[in-house]
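Undergrad: So that you have it, the file is input20.cif, and it contains mmCIF, C-alpha atoms:
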```cif
data_start
#
loop_
_atom_site.label_atom_id
_atom_site.label_comp_id
_atom_site.auth_asym_id
_atom_site.auth_seq_id
_atom_site.Cartn_x
_atom_site.Cartn_y
_atom_site.Cartn_z
CA MET A 618 10.58 9.31 18.01
CA SER A 619 14.09 8.97 19.23
CA LEU A 620 16.38 10.94 21.39
CA ASP A 621 17.41 14.17 19.74
CA LEU A 622 21.13 14.21 19.35
CA SER A 623 21.16 17.31 17.19
CA SER A 624 21.96 19.24 20.33
CA ARG A 625 25.40 17.70 19.85
CA ASN A 626 25.97 20.45 17.32
CA ALA A 627 24.73 23.22 19.50
CA ALA A 628 27.14 25.00 21.75
CA PRO A 629 26.55 23.96 25.35
CA PRO A 630 24.92 26.83 27.18
CA SER A 631 27.53 28.45 29.31
CA ALA A 632 27.05 28.69 33.02
CA SER A 633 26.41 32.39 32.63
CA ALA A 634 23.49 31.66 30.30
CA ALA A 635 22.01 28.81 32.35
CA ASP A 636 22.19 30.40 35.77
CA PRO A 637 20.01 33.47 35.13
CA ALA A 638 17.38 31.23 33.51
CA ARG A 639 17.43 28.98 36.54
CA ALA A 640 17.28 31.95 38.91
CA ARG A 641 14.35 33.39 36.96
CA LEU A 642 12.43 30.11 37.23
CA VAL A 643 13.13 29.94 40.95
CA ARG A 644 11.79 33.49 41.36
CA CYS A 645 8.72 32.67 39.29
CA LEU A 646 7.95 29.56 41.33
CA ALA A 647 8.22 31.58 44.53
CA ALA A 648 5.73 34.06 43.08
CA VAL A 649 3.42 31.23 42.01
CA ALA A 650 3.47 29.98 45.60
CA GLU A 651 2.17 33.42 46.57
CA GLY A 652 -0.71 33.02 44.14
CA ASP A 653 0.71 35.10 41.27
CA ARG A 654 -1.00 33.82 38.14
CA GLY A 655 1.20 35.90 35.86
CA ALA A 656 4.20 34.07 37.29
CA LEU A 657 2.57 30.74 36.48
CA ARG A 658 2.18 31.96 32.91
CA GLU A 659 5.88 32.76 32.87
CA VAL A 660 6.80 29.33 34.25
CA HIS A 661 4.57 27.83 31.58
CA ASP A 662 6.12 29.84 28.77
CA LEU A 663 9.65 28.98 29.90
CA THR A 664 9.08 25.26 30.40
CA VAL A 665 6.05 23.99 28.50
CA ALA A 666 7.92 22.75 25.42
CA LYS A 667 10.32 20.78 27.61
CA LEU A 668 7.58 19.31 29.80
CA PHE A 669 5.46 18.52 26.76
CA GLY A 670 8.47 16.78 25.26
CA VAL A 671 8.94 14.70 28.42
CA ALA A 672 5.27 13.68 28.55
CA TYR A 673 5.11 13.04 24.81
CA ARG A 674 8.24 10.90 24.90
CA ILE A 675 6.64 8.67 27.52
CA LEU A 676 3.08 8.61 26.21
CA GLY A 677 3.71 8.71 22.47
CA ASP A 678 0.37 10.45 22.01
CA ARG A 679 -0.07 14.19 21.68
CA GLU A 680 -3.52 14.40 23.23
CA GLU A 681 -2.56 12.32 26.23
CA ALA A 682 0.56 14.43 26.65
CA GLU A 683 -1.51 17.62 26.46
CA ASP A 684 -3.81 16.43 29.24
CA VAL A 685 -0.86 15.49 31.40
CA VAL A 686 0.92 18.81 30.89
CA GLN A 687 -2.26 20.73 31.62
CA ASP A 688 -2.50 18.82 34.87
CA VAL A 689 1.16 19.44 35.66
CA TYR A 690 0.71 23.23 35.66
CA LEU A 691 -2.33 22.97 37.89
CA THR A 692 -0.21 20.90 40.24
CA VAL A 693 2.49 23.56 40.08
CA TRP A 694 -0.13 26.19 40.88
CA ASN A 695 -1.18 24.25 43.96
CA ARG A 696 2.18 23.04 45.12
CA ALA A 697 4.77 25.62 44.14
CA ASP A 698 5.25 26.20 47.85
CA ARG A 699 6.78 22.72 48.08
CA PHE A 700 9.57 23.59 45.70
CA ASP A 701 12.83 23.98 47.57
CA PRO A 702 15.56 25.54 45.41
CA GLY A 703 18.10 24.17 47.87
CA ARG A 704 17.04 20.61 47.10
CA ALA A 705 16.45 20.50 43.37
CA SER A 706 16.83 22.59 40.25
CA PRO A 707 13.50 24.05 39.16
CA ILE A 708 13.48 22.30 35.80
CA THR A 709 14.30 18.96 37.43
CA TRP A 710 11.44 19.49 39.87
CA LEU A 711 9.01 20.35 37.08
CA ALA A 712 10.19 17.53 34.81
CA THR A 713 9.85 15.07 37.70
CA ILE A 714 6.22 16.06 38.18
CA ALA A 715 5.64 15.72 34.44
CA ARG A 716 7.33 12.30 34.31
CA ASN A 717 5.41 10.97 37.28
CA ARG A 718 2.10 12.15 35.84
CA ALA A 719 2.92 10.79 32.41
CA ILE A 720 3.98 7.42 33.81
CA ASP A 721 0.82 7.18 35.91
CA ARG A 722 -1.22 7.93 32.81
CA LEU A 723 0.78 5.42 30.80
CA ARG A 724 0.06 2.73 33.40
CA GLN A 725 -3.64 3.50 33.09
CA ILE A 726 -3.68 3.19 29.31
CA GLY A 727 -0.64 0.93 29.09
CA GLY A 728 -2.15 -1.95 27.19
CA ARG A 729 -3.21 0.30 24.40
CA ARG A 730 0.19 1.86 23.92
CA ALA A 731 2.10 -1.41 24.15
CA ALA A 732 -0.20 -2.83 21.50
CA ALA A 733 0.52 0.20 19.33
CA GLY A 734 4.21 -0.58 19.36
CA GLY A 735 5.41 1.73 22.10
CA VAL A 736 7.83 -0.87 23.37
CA GLU A 737 9.50 -1.36 20.02
CA GLU A 738 9.68 2.37 19.60
CA ALA A 739 11.50 2.73 22.89
CA ALA A 740 13.99 0.13 21.69
CA ASP A 741 15.22 2.71 19.20
CA LEU A 742 16.65 4.75 22.00
CA PRO A 743 20.23 5.33 21.03
CA ASP A 744 23.02 4.25 23.29
CA GLY A 745 24.52 7.66 22.75
CA ALA A 746 22.05 9.19 25.19
CA PRO A 747 24.68 9.90 27.83
CA ASP A 748 26.68 11.94 25.30
CA ALA A 749 23.73 14.17 24.70
CA LEU A 750 23.33 14.54 28.42
CA ALA A 751 26.72 16.09 28.74
CA LEU A 752 25.52 19.08 26.75
CA LEU A 753 22.59 19.85 28.91
CA GLU A 754 22.33 23.07 30.80
CA GLY A 755 26.04 22.92 31.29
CA ALA A 756 25.13 21.76 34.76
CA ASP A 757 27.62 19.84 36.82
CA GLU A 758 25.07 17.29 37.93
CA SER A 759 24.13 16.50 34.34
CA ARG A 760 27.73 15.95 33.38
CA ARG A 761 28.39 13.78 36.42
CA LEU A 762 25.30 11.72 35.72
CA ALA A 763 26.30 11.31 32.08
CA ASP A 764 29.76 10.14 33.11
CA CYS A 765 28.33 7.66 35.59
CA LEU A 766 25.79 6.32 33.07
CA GLY A 767 28.65 5.93 30.63
CA GLY A 768 30.43 3.75 33.18
CA LEU A 769 27.60 1.20 33.33
CA ASP A 770 27.63 -1.88 31.16
CA GLU A 771 25.70 -1.38 27.97
CA ARG A 772 22.71 -3.55 28.87
CA ALA A 773 22.16 -1.89 32.23
CA ARG A 774 22.51 1.56 30.70
CA GLY A 775 20.10 0.66 27.89
CA ALA A 776 17.49 -0.64 30.33
CA ILE A 777 17.80 2.33 32.69
CA THR A 778 17.55 4.91 29.93
CA ALA A 779 14.63 3.06 28.28
CA ALA A 780 12.80 3.04 31.62
CA PHE A 781 13.54 6.71 32.26
CA PHE A 782 12.74 8.06 28.81
CA GLY A 783 10.00 5.66 27.77
CA GLY A 784 8.43 4.72 31.10
CA LEU A 785 8.92 0.99 30.46
CA THR A 786 8.17 -1.46 33.26
CA TYR A 787 10.49 -4.31 34.25
CA ASP A 788 8.20 -6.64 32.39
CA GLU A 789 8.36 -4.58 29.20
CA LEU A 790 12.12 -4.23 29.49
CA ALA A 791 12.53 -7.98 29.95
CA ARG A 792 10.39 -8.74 26.92
CA ARG A 793 12.14 -6.09 24.86
CA ASP A 794 15.56 -7.56 25.59
CA GLY A 795 14.41 -11.19 25.60
CA MET A 796 15.59 -11.63 29.17
CA PRO A 797 13.94 -13.37 32.14
CA LEU A 798 12.14 -10.89 34.40
CA GLY A 799 14.33 -11.65 37.40
CA THR A 800 17.50 -11.13 35.39
CA MET A 801 16.24 -7.78 34.16
CA LYS A 802 15.35 -6.71 37.69
CA SER A 803 18.78 -7.48 39.07
CA LEU A 804 20.44 -5.89 36.05
CA VAL A 805 18.57 -2.62 36.65
CA ARG A 806 18.98 -2.75 40.42
CA ARG A 807 22.69 -3.36 40.22
CA GLY A 808 22.98 -0.57 37.66
CA LEU A 809 21.11 1.84 39.91
CA MET A 810 23.29 0.99 42.91
CA LYS A 811 26.40 1.44 40.81
CA LEU A 812 25.08 4.81 39.65
CA LYS A 813 24.48 5.85 43.23
CA GLY A 814 27.99 4.90 44.19
CA CYS A 815 29.45 6.68 41.17
CA LEU A 816 27.53 9.85 42.00
CA GLY A 817 29.28 9.73 45.33
CA GLU A 818 26.38 9.52 47.74
CA MET B 16 13.17 -6.26 62.88
CA SER B 17 16.53 -5.04 64.03
CA ASP B 18 18.17 -8.18 62.68
CA GLY B 19 16.97 -7.42 59.20
CA ALA B 20 17.65 -3.70 59.32
CA GLY B 21 20.50 -3.83 56.84
CA LEU B 22 18.46 -5.96 54.49
CA ASP B 23 15.48 -3.64 54.79
CA ARG B 24 17.60 -0.69 53.92
CA ASP B 25 18.77 -2.34 50.72
CA ASP B 26 15.21 -3.13 49.73
CA GLU B 27 14.18 0.41 50.50
CA ALA B 28 16.90 1.87 48.35
CA ASP B 29 15.77 -0.37 45.53
CA LEU B 30 12.11 0.55 45.72
CA ALA B 31 12.83 4.28 46.01
CA ALA B 32 15.14 4.11 43.00
CA GLU B 33 12.67 2.02 41.05
CA TYR B 34 9.87 4.48 41.72
CA ALA B 35 12.00 7.43 40.67
CA LEU B 36 13.19 5.62 37.55
CA GLY B 37 9.58 4.81 36.66
CA VAL B 38 10.08 1.09 36.15
CA LEU B 39 7.30 -0.06 38.50
CA ASP B 40 3.88 -1.11 37.29
CA GLY B 41 0.78 0.76 38.46
CA ALA B 42 0.27 -1.32 41.60
CA GLY B 43 3.95 -1.02 42.48
CA ARG B 44 3.77 2.76 42.11
CA ARG B 45 0.74 3.01 44.38
CA ALA B 46 2.45 0.82 46.99
CA ALA B 47 5.55 3.03 46.86
CA GLU B 48 3.39 6.15 47.24
CA ARG B 49 1.70 4.67 50.29
CA ARG B 50 5.12 4.10 51.80
CA MET B 51 6.14 7.67 50.98
CA ALA B 52 3.11 8.83 52.91
CA ARG B 53 3.90 6.66 55.92
CA GLU B 54 7.68 6.84 56.03
CA PRO B 55 9.41 10.20 55.72
CA ALA B 56 12.79 8.44 55.32
CA PHE B 57 11.46 6.56 52.33
CA ALA B 58 9.97 9.73 50.84
CA ARG B 59 13.39 11.37 51.21
CA ALA B 60 15.04 8.40 49.51
CA VAL B 61 12.66 8.84 46.57
CA ALA B 62 13.37 12.56 46.42
CA ASP B 63 17.10 11.82 46.45
CA TRP B 64 16.71 9.42 43.54
CA GLU B 65 14.53 11.87 41.64
CA ARG B 66 17.28 14.42 42.05
CA ARG B 67 19.97 11.96 40.94
CA LEU B 68 18.12 10.80 37.83
CA GLY B 69 16.25 14.01 37.06
CA PRO B 70 18.98 15.63 34.95
CA MET B 71 18.41 12.89 32.35
CA ALA B 72 15.16 14.62 31.45
CA GLY B 73 17.27 17.38 30.00
CA ALA B 74 18.10 15.04 27.13
CA VAL B 75 14.49 14.81 26.01
CA PRO B 76 13.88 17.08 23.04
CA ALA B 77 11.44 19.91 23.58
CA VAL B 78 8.22 19.56 21.58
CA SER B 79 5.92 22.45 20.78
CA PRO B 80 2.59 22.02 22.53
CA PRO B 81 -0.67 23.13 20.90
CA ALA B 82 -1.12 26.88 20.97
CA ASP B 83 -4.26 26.73 23.07
CA LEU B 84 -2.75 24.78 25.96
CA TRP B 85 -2.29 27.84 28.15
CA SER B 86 -5.87 28.97 27.61
CA ARG B 87 -7.03 25.53 28.76
CA ILE B 88 -4.90 25.81 31.87
CA GLU B 89 -6.27 29.29 32.47
CA ALA B 90 -9.83 28.01 32.17
CA ASP B 91 -9.06 25.33 34.76
CA LEU B 92 -7.58 27.94 37.07
CA ALA B 93 -10.71 30.03 36.76
CA ARG B 94 -12.80 27.05 37.78
CA MET B 95 -10.50 26.21 40.64
CA THR B 96 -10.60 29.67 42.16
CA ARG B 97 -14.28 30.11 41.64
CA ALA B 98 -14.67 29.50 45.30
CA ALA B 99 -15.40 32.94 46.66
CA PRO B 100 -17.67 32.36 49.61
CA ARG B 101 -21.23 33.22 48.87
CA THR B 102 -21.86 35.63 51.68
CA ALA B 103 -25.54 35.69 50.76
CA ALA B 104 -25.78 32.12 51.95
CA VAL B 105 -24.75 33.17 55.43
CA GLU B 106 -27.94 35.14 55.72
CA GLN B 107 -30.18 32.32 54.65
CA PRO B 108 -33.40 32.65 56.60
CA ARG B 109 -33.51 30.09 59.32
CA GLY B 110 -36.87 28.89 58.19
CA ARG B 111 -35.28 27.44 55.07
CA ARG B 112 -35.54 23.69 55.23
CA VAL B 113 -32.35 21.67 55.17
CA SER B 114 -32.71 17.94 55.15
CA ALA B 115 -31.83 15.92 58.22
CA ILE B 116 -28.67 14.55 56.66
CA TRP B 117 -27.15 18.04 56.82
CA GLN B 118 -27.87 18.39 60.49
CA TYR B 119 -26.29 15.00 61.00
CA ILE B 120 -23.22 16.11 59.06
CA GLY B 121 -23.09 19.23 61.22
CA LEU B 122 -22.91 17.03 64.30
CA ALA B 123 -19.86 15.27 62.89
CA GLY B 124 -17.80 18.39 63.40
CA MET B 125 -18.40 18.23 67.11
CA GLY B 126 -16.87 14.79 67.45
CA ILE B 127 -13.31 16.02 67.26
CA GLY B 128 -10.44 13.73 66.67
CA ALA B 129 -9.71 10.40 65.25
CA ALA B 130 -9.73 11.31 61.59
CA SER B 131 -6.94 13.85 61.60
CA ALA B 132 -3.97 11.48 61.51
CA ALA B 133 -5.46 9.52 58.64
CA ALA B 134 -6.32 12.71 56.80
CA LEU B 135 -2.78 13.96 57.02
CA ILE B 136 -1.51 10.72 55.58
CA LEU B 137 -3.95 10.92 52.72
CA PHE B 138 -2.88 14.46 52.00
CA VAL B 139 0.75 13.46 51.87
CA ALA B 140 -0.09 10.50 49.68
CA GLY B 141 -0.84 12.81 46.81
CA SER B 142 2.64 14.20 46.84
CA GLY B 143 5.82 12.66 48.16
CA GLY B 144 9.19 12.68 46.50
CA LEU B 145 10.44 16.00 45.27
CA LEU B 146 7.11 17.59 46.03
CA GLY B 147 8.29 17.22 49.55
CA PRO B 148 6.37 17.05 52.76
CA PRO B 149 3.31 19.20 53.18
CA PRO B 150 3.98 22.74 54.35
CA GLY B 151 4.88 22.80 58.02
CA VAL B 152 1.94 22.03 60.18
CA ARG B 153 1.23 25.31 61.87
CA ASP B 154 -1.16 26.45 64.49
CA GLY B 155 -4.51 26.97 62.96
CA ALA B 156 -4.22 24.23 60.37
CA MET B 157 -7.28 22.07 60.02
CA THR B 158 -8.05 19.07 57.97
CA ALA B 159 -11.02 16.97 56.94
CA THR B 160 -11.27 13.68 55.16
CA LEU B 161 -14.45 13.61 53.16
CA ALA B 162 -15.66 10.08 52.89
CA ALA B 163 -18.54 8.51 51.04
CA GLU B 164 -21.26 6.80 53.02
CA SER B 165 -19.41 3.54 52.44
CA GLY B 166 -16.48 5.00 54.38
CA ALA B 167 -14.28 5.25 51.30
CA PRO B 168 -12.30 8.51 51.43
CA LEU B 169 -13.00 10.70 48.39
CA PHE B 170 -11.44 14.06 49.20
CA THR B 171 -9.04 15.47 51.70
CA LEU B 172 -9.21 19.13 52.67
CA VAL B 173 -6.47 20.98 54.46
CA TYR B 174 -7.14 24.51 55.67
CA ASP B 175 -4.46 26.90 56.78
CA ALA B 176 -5.96 29.60 58.98
CA ALA B 177 -2.84 31.78 58.69
CA SER B 178 -3.22 32.22 54.94
CA GLY B 179 -6.95 31.58 54.72
CA MET B 180 -6.22 29.06 51.96
CA ALA B 181 -7.74 25.62 51.75
CA THR B 182 -6.42 22.86 49.53
CA LEU B 183 -8.76 20.12 48.43
CA VAL B 184 -7.20 16.96 47.08
CA PRO B 185 -9.37 14.34 45.43
CA VAL B 186 -8.33 10.95 46.80
CA ALA B 187 -10.47 9.01 44.39
CA THR B 188 -11.83 10.34 41.16
CA ALA B 189 -15.56 10.46 41.43
CA SER B 190 -16.85 10.39 37.90
CA SER B 191 -19.68 12.75 37.27
CA ASP B 192 -21.99 13.41 34.36
CA PRO B 193 -21.74 16.81 32.63
CA ALA B 194 -25.20 17.80 33.84
CA HIS B 195 -24.03 17.83 37.45
CA VAL B 196 -21.23 19.37 39.48
CA HIS B 197 -19.82 18.71 42.93
CA GLU B 198 -20.35 21.59 45.30
CA LEU B 199 -18.40 21.99 48.53
CA TRP B 200 -20.18 23.07 51.72
CA LEU B 201 -19.19 24.25 55.15
CA VAL B 202 -21.66 22.75 57.59
CA PRO B 203 -21.63 24.71 60.85
CA PRO B 204 -22.29 22.89 64.11
CA GLY B 205 -25.70 22.98 65.67
CA GLY B 206 -27.86 22.62 62.60
CA ALA B 207 -27.25 26.02 61.00
CA ALA B 208 -27.62 26.21 57.23
CA PRO B 209 -24.66 24.89 55.17
CA ARG B 210 -22.68 27.55 53.32
CA SER B 211 -21.39 27.01 49.83
CA LEU B 212 -17.61 27.11 49.50
CA GLY B 213 -17.74 26.76 45.73
CA ILE B 214 -17.89 24.25 42.93
CA LEU B 215 -15.18 21.63 42.62
CA ALA B 216 -12.95 21.19 39.63
CA SER B 217 -13.66 17.79 38.17
CA THR B 218 -10.16 16.44 38.61
CA GLY B 219 -6.95 17.36 40.32
CA PRO B 220 -6.28 19.28 43.47
CA MET B 221 -7.73 22.74 43.91
CA ARG B 222 -6.90 25.61 46.15
CA MET B 223 -9.36 28.17 47.41
CA ARG B 224 -9.48 31.14 49.70
CA LEU B 225 -11.85 30.81 52.59
CA ASP B 226 -11.50 34.23 54.20
CA GLY B 227 -14.46 35.18 56.27
CA GLN B 228 -15.39 31.58 56.94
CA ALA B 229 -12.67 31.02 59.49
CA ALA B 230 -14.59 31.98 62.60
CA ASP B 231 -16.92 29.09 62.13
CA MET B 232 -14.40 26.54 60.94
CA PRO B 233 -13.68 24.74 64.21
CA ARG B 234 -16.32 22.18 65.04
CA SER B 235 -17.76 22.46 61.55
CA ALA B 236 -17.99 19.71 58.99
CA ILE B 237 -17.28 19.80 55.29
CA ALA B 238 -19.45 18.08 52.74
CA VAL B 239 -19.71 17.65 49.00
CA SER B 240 -23.10 17.42 47.30
CA LEU B 241 -24.13 16.68 43.75
CA GLU B 242 -25.77 19.76 42.23
CA PRO B 243 -27.02 20.83 38.81
CA ALA B 244 -24.43 22.33 36.46
CA GLY B 245 -23.64 25.82 37.69
CA GLY B 246 -24.18 24.91 41.31
CA SER B 247 -27.10 24.81 43.69
CA PRO B 248 -29.83 27.15 42.44
CA THR B 249 -31.04 27.91 45.97
CA GLY B 250 -27.80 28.63 47.83
CA LEU B 251 -28.45 25.54 49.91
CA PRO B 252 -27.56 21.97 49.03
CA THR B 253 -30.26 20.36 46.93
CA GLY B 254 -28.64 17.13 45.76
CA PRO B 255 -27.39 13.97 47.42
CA VAL B 256 -24.34 14.07 49.69
CA VAL B 257 -21.37 12.54 47.92
CA ALA B 258 -18.89 12.80 50.78
CA SER B 259 -18.61 14.43 54.17
CA GLY B 260 -16.29 14.63 57.12
CA ALA B 261 -15.50 16.51 60.30
CA LEU B 262 -13.03 19.37 60.24
CA THR B 263 -10.39 18.81 62.89
CA ALA B 264 -7.44 20.80 64.12
CA LEU B 265 -4.01 19.43 63.32
#
```
Please, can you express the file's structure as structure tokens?

TA:
Amino acid sequence: MSLDLSSRNAAPPSASAADPARARLVRCLAAVAEGDRGALREVHDLTVAKLFGVAYRILGDREEAEDVVQDVYLTVWNRADRFDPGRASPITWLATIARNRAIDRLRQIGGRRAAAGGVEEAADLPDGAPDALALLEGADESRRLADCLGGLDERARGAITAAFFGGLTYDELARRDGMPLGTMKSLVRRGLMKLKGCLGE
Amino acid sequence: MSDGAGLDRDDEADLAAEYALGVLDGAGRRAAERRMAREPAFARAVADWERRLGPMAGAVPAVSPPADLWSRIEADLARMTRAAPRTAAVEQPRGRRVSAIWQYIGLAGMGIGAASAAALILFVAGSGGLLGPPPGVRDGAMTATLAAESGAPLFTLVYDAASGMATLVPVATASSDPAHVHELWLVPPGGAAPRSLGILASTGPMRMRLDGQAADMPRSAIAVSLEPAGGSPTGLPTGPVVASGALTAL
């Protein structure tokens, strides 16, 4: 399982295509907060493949990913009122919940997955990830993030993307790259601070 | 502390970023979540990092989930909202015997106070980051931390009188055999019979409507008992008390 770069060939969705989808999700989440179960179904239909992809990428196991995604929509049902469209895009909010749940699950079952080769698998993550990012949603923030990731040195970028996409811990990253733990930590921390500066905040 | 303020801020930025990136081990994640619950500034820092890094998730390829996933979610929803108050229970004849523990739990509601701050923290602990702070604390909000006899908190309940909705968040997962369910009870003050609020979903937070119960909510206690599958056959608690706590105004 590696990052899908086939989207490179797809035309980036234009702003006019992305914005109504985003607005529709925002409306649906507002309705979910009011207890509208049909709206939850709509949120599910619009986002489940993406959220399942996020959970599956981290867990590397379909059944575990299914459980996590099931849980994510129950969380959305209970907490849609916390979504603030002024603070985050709806898909980022949903994907963040899915990532956090998947990572928590991964930490619970971690030994098993690491033994099954999850760490090696994550090592296949292509360095081209930031290029693929540029095509996403056509959103400004995605492009800016991709540019800033591209500005990091290769090792820092590799570690940060492996942690984000694969849920690897510092320890796993250090072992993967044959680097002392402390060195890996400062590599990632410096990379994150550089990212923050680049994103202009 | 003021001397090290700059240093602390750097550390804080690191930990918030590390949590959002997902690079912490399990213990590190729990520690970060505890800080999110205690320190709104730290929770905001995490949310900021989640927003910065979040767009990366767009690069993950979509994967088709199994076709029956929605029906599983729907089944969970049905369980979660199966919390319509059993009005019949309100009219339980007074002669019906309720064990002493339930009268004791009822008394707990009358000792207003100390638990509310802790309960609020526990409630926030389940969220944090982009999930944001809990909905604004309004007049008429009440909370209860349901603890086991050992004192270990098992559930937190937050009730919003304005909407009539209660949210129950499991703090610890209490494993349960399939032959039994956890049933939630409102225990009025003064030894009146407990009223069933419904059967708990086995995992994850649940939301339920408690219309019609509100009048008796202040000074009541909330308890969870272990009941046969399908819930108490009598309309009154029959099994052991798993957790209980006083309901207090926020």

Undergrad: Would you give me, as CSV, each residue of chain B having an atom within 6 Å of an atom of chain A, along with its shortest atom pair and that distance in Å to one decimal, using all atoms listed in the file and sorting by chain and residue number?

TA:
```
residue,atom,partner,partner_atom,distance
B:Leu36,CA,A:Phe781,CA,5.4
B:Gly37,CA,A:Gly784,CA,5.7
B:Val38,CA,A:Thr786,CA,4.3
B:Leu39,CA,A:Thr786,CA,5.5
B:Asp40,CA,A:Thr786,CA,5.9
B:Gly41,CA,A:Arg724,CA,5.5
B:Gly69,CA,A:Thr709,CA,5.3
B:Pro70,CA,A:Ser759,CA,5.3
B:Gly73,CA,A:Leu753,CA,6.0
B:Ala74,CA,A:Leu750,CA,5.4
B:Pro76,CA,A:Asp621,CA,5.6
B:Ala77,CA,A:Lys667,CA,4.3
B:Val78,CA,A:Gly670,CA,4.6
B:Ser79,CA,A:Ala666,CA,5.1
B:Ile88,CA,A:Gln687,CA,5.7
B:Leu146,CA,A:Arg699,CA,5.5
B:Gly147,CA,A:Arg699,CA,5.9
```

Undergrad: Tell me, in Å to one decimal, how far atom CA of Ala244 of chain B is from atom CA of Leu199 of chain B.

TA: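 Atom CA of Leu199 of chain B lies 13.5 Å from atom CA of Ala244 of chain B.
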
Undergrad: Would you please work out which residue, of A:Ser803, A:Val685, A:Gly703, A:Arg718, is nearest to Pro80 of chain B when using all atoms listed in the file?

TA: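 Checking each candidate against Pro80 of chain B, we get A:Val685 as the closest.
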
Undergrad: Glu242 of chain B: which residues within 7 Å, counting all atoms listed in the file, same-chain residues fewer than 6 positions away excluded, as a list in words?

TA: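 Near Glu242 of chain B, the qualifying residues are His195, Val196, His197, Glu198, Thr253 and Gly254 of chain B.
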
Undergrad: Would you compute the distance between atom CA of Arg44 of chain B and atom CA of Gly260 of chain B? Give it in Å to one decimal.

TA: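 Rounded to one decimal, the two atoms are 27.7 Å apart.
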
Undergrad: Once the PyMOL selection byres ((chain A and resi 644-647) around 8) is applied to the coordinates I shared, what remains selected? I want it as an MDAnalysis selection string.

TA: chainID A and resid 640:643 648:651 656:657 659:660 697:698 700

Undergrad: Report, in Å with one decimal, the straight-line distance from atom CA of Val61 of chain B to atom CA of Gly219 of chain B.

TA: 22.3 Å

Undergrad: On this file, the PyMOL selection byres ((chain B and resi 158) around 6) gives some set of residues; write that set as a list in words.

TA: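 For this structure, the PyMOL selection byres ((chain B and resi 158) around 6) resolves to Met157, Ala159, Leu172, Val173, Tyr174, Leu262 and Thr263 of chain B.
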
Undergrad: Tell me which protein, DNA and RNA residues are within 6 Å of Val257 of chain B, counting only C-alpha atoms, leaving out same-chain ones fewer than 3 positions away, and put them as a ChimeraX atom specification.

TA: /B:163,239-240

Undergrad: Those residues with C-alpha atoms, as an mmCIF file, keeping the file's coordinate frame please?

TA:
```cif
data_model
loop_
_atom_site.group_PDB
_atom_site.id
_atom_site.type_symbol
_atom_site.label_atom_id
_atom_site.label_comp_id
_atom_site.auth_asym_id
_atom_site.auth_seq_id
_atom_site.Cartn_x
_atom_site.Cartn_y
_atom_site.Cartn_z
ATOM 1 C CA ALA B 163 -18.540 8.510 51.040
ATOM 2 C CA VAL B 239 -19.710 17.650 49.000
ATOM 3 C CA SER B 240 -23.100 17.420 47.300
#
```

Undergrad: If we count only C-alpha atoms, what is near Ala46 of chain B at a cut-off of 12 Å, once residues fewer than 2 positions away on the same chain are taken out, given as JSON, numbers by chain?

TA: {"B": [30, 31, 33, 34, 39, 40, 41, 42, 43, 44, 48, 49, 50, 51, 52, 53, 57, 140]}

Undergrad: Write a file of the selected residues as a PDB file, in the frame of the given file, keeping C-alpha atoms.

TA:
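What landed in part-v6.pdb:
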```pdb
ATOM      1  CA  LEU B  30      12.110   0.550  45.720  1.00  0.00           C
ATOM      2  CA  ALA B  31      12.830   4.280  46.010  1.00  0.00           C
ATOM      3  CA  GLU B  33      12.670   2.020  41.050  1.00  0.00           C
ATOM      4  CA  TYR B  34       9.870   4.480  41.720  1.00  0.00           C
ATOM      5  CA  LEU B  39       7.300  -0.060  38.500  1.00  0.00           C
ATOM      6  CA  ASP B  40       3.880  -1.110  37.290  1.00  0.00           C
ATOM      7  CA  GLY B  41       0.780   0.760  38.460  1.00  0.00           C
ATOM      8  CA  ALA B  42       0.270  -1.320  41.600  1.00  0.00           C
ATOM      9  CA  GLY B  43       3.950  -1.020  42.480  1.00  0.00           C
ATOM     10  CA  ARG B  44       3.770   2.760  42.110  1.00  0.00           C
ATOM     11  CA  GLU B  48       3.390   6.150  47.240  1.00  0.00           C
ATOM     12  CA  ARG B  49       1.700   4.670  50.290  1.00  0.00           C
ATOM     13  CA  ARG B  50       5.120   4.100  51.800  1.00  0.00           C
ATOM     14  CA  MET B  51       6.140   7.670  50.980  1.00  0.00           C
ATOM     15  CA  ALA B  52       3.110   8.830  52.910  1.00  0.00           C
ATOM     16  CA  ARG B  53       3.900   6.660  55.920  1.00  0.00           C
ATOM     17  CA  PHE B  57      11.460   6.560  52.330  1.00  0.00           C
ATOM     18  CA  ALA B 140      -0.090  10.500  49.680  1.00  0.00           C
TER      19      ALA B 140
END
```

Undergrad: With distances taken over all atoms listed in the file, which residue among B:Arg224, B:Leu169, B:Ser211, B:Pro243 lies nearest Ala194 of chain B?

TA: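 Nearest candidate to Ala194 of chain B out of B:Arg224, B:Leu169, B:Ser211, B:Pro243: B:Pro243.
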
Undergrad: So which residues get picked by the PyMOL selection byres ((chain B and resi 63) around 9) here, written as a list in words?

TA: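 The output of the PyMOL selection byres ((chain B and resi 63) around 9) on this file is Arg704 of chain A; Ala31, Ala32, Ala35, Ala58, Arg59, Ala60, Val61, Ala62, Trp64, Glu65, Arg66, Arg67, Leu68, Gly144 and Leu145 of chain B.
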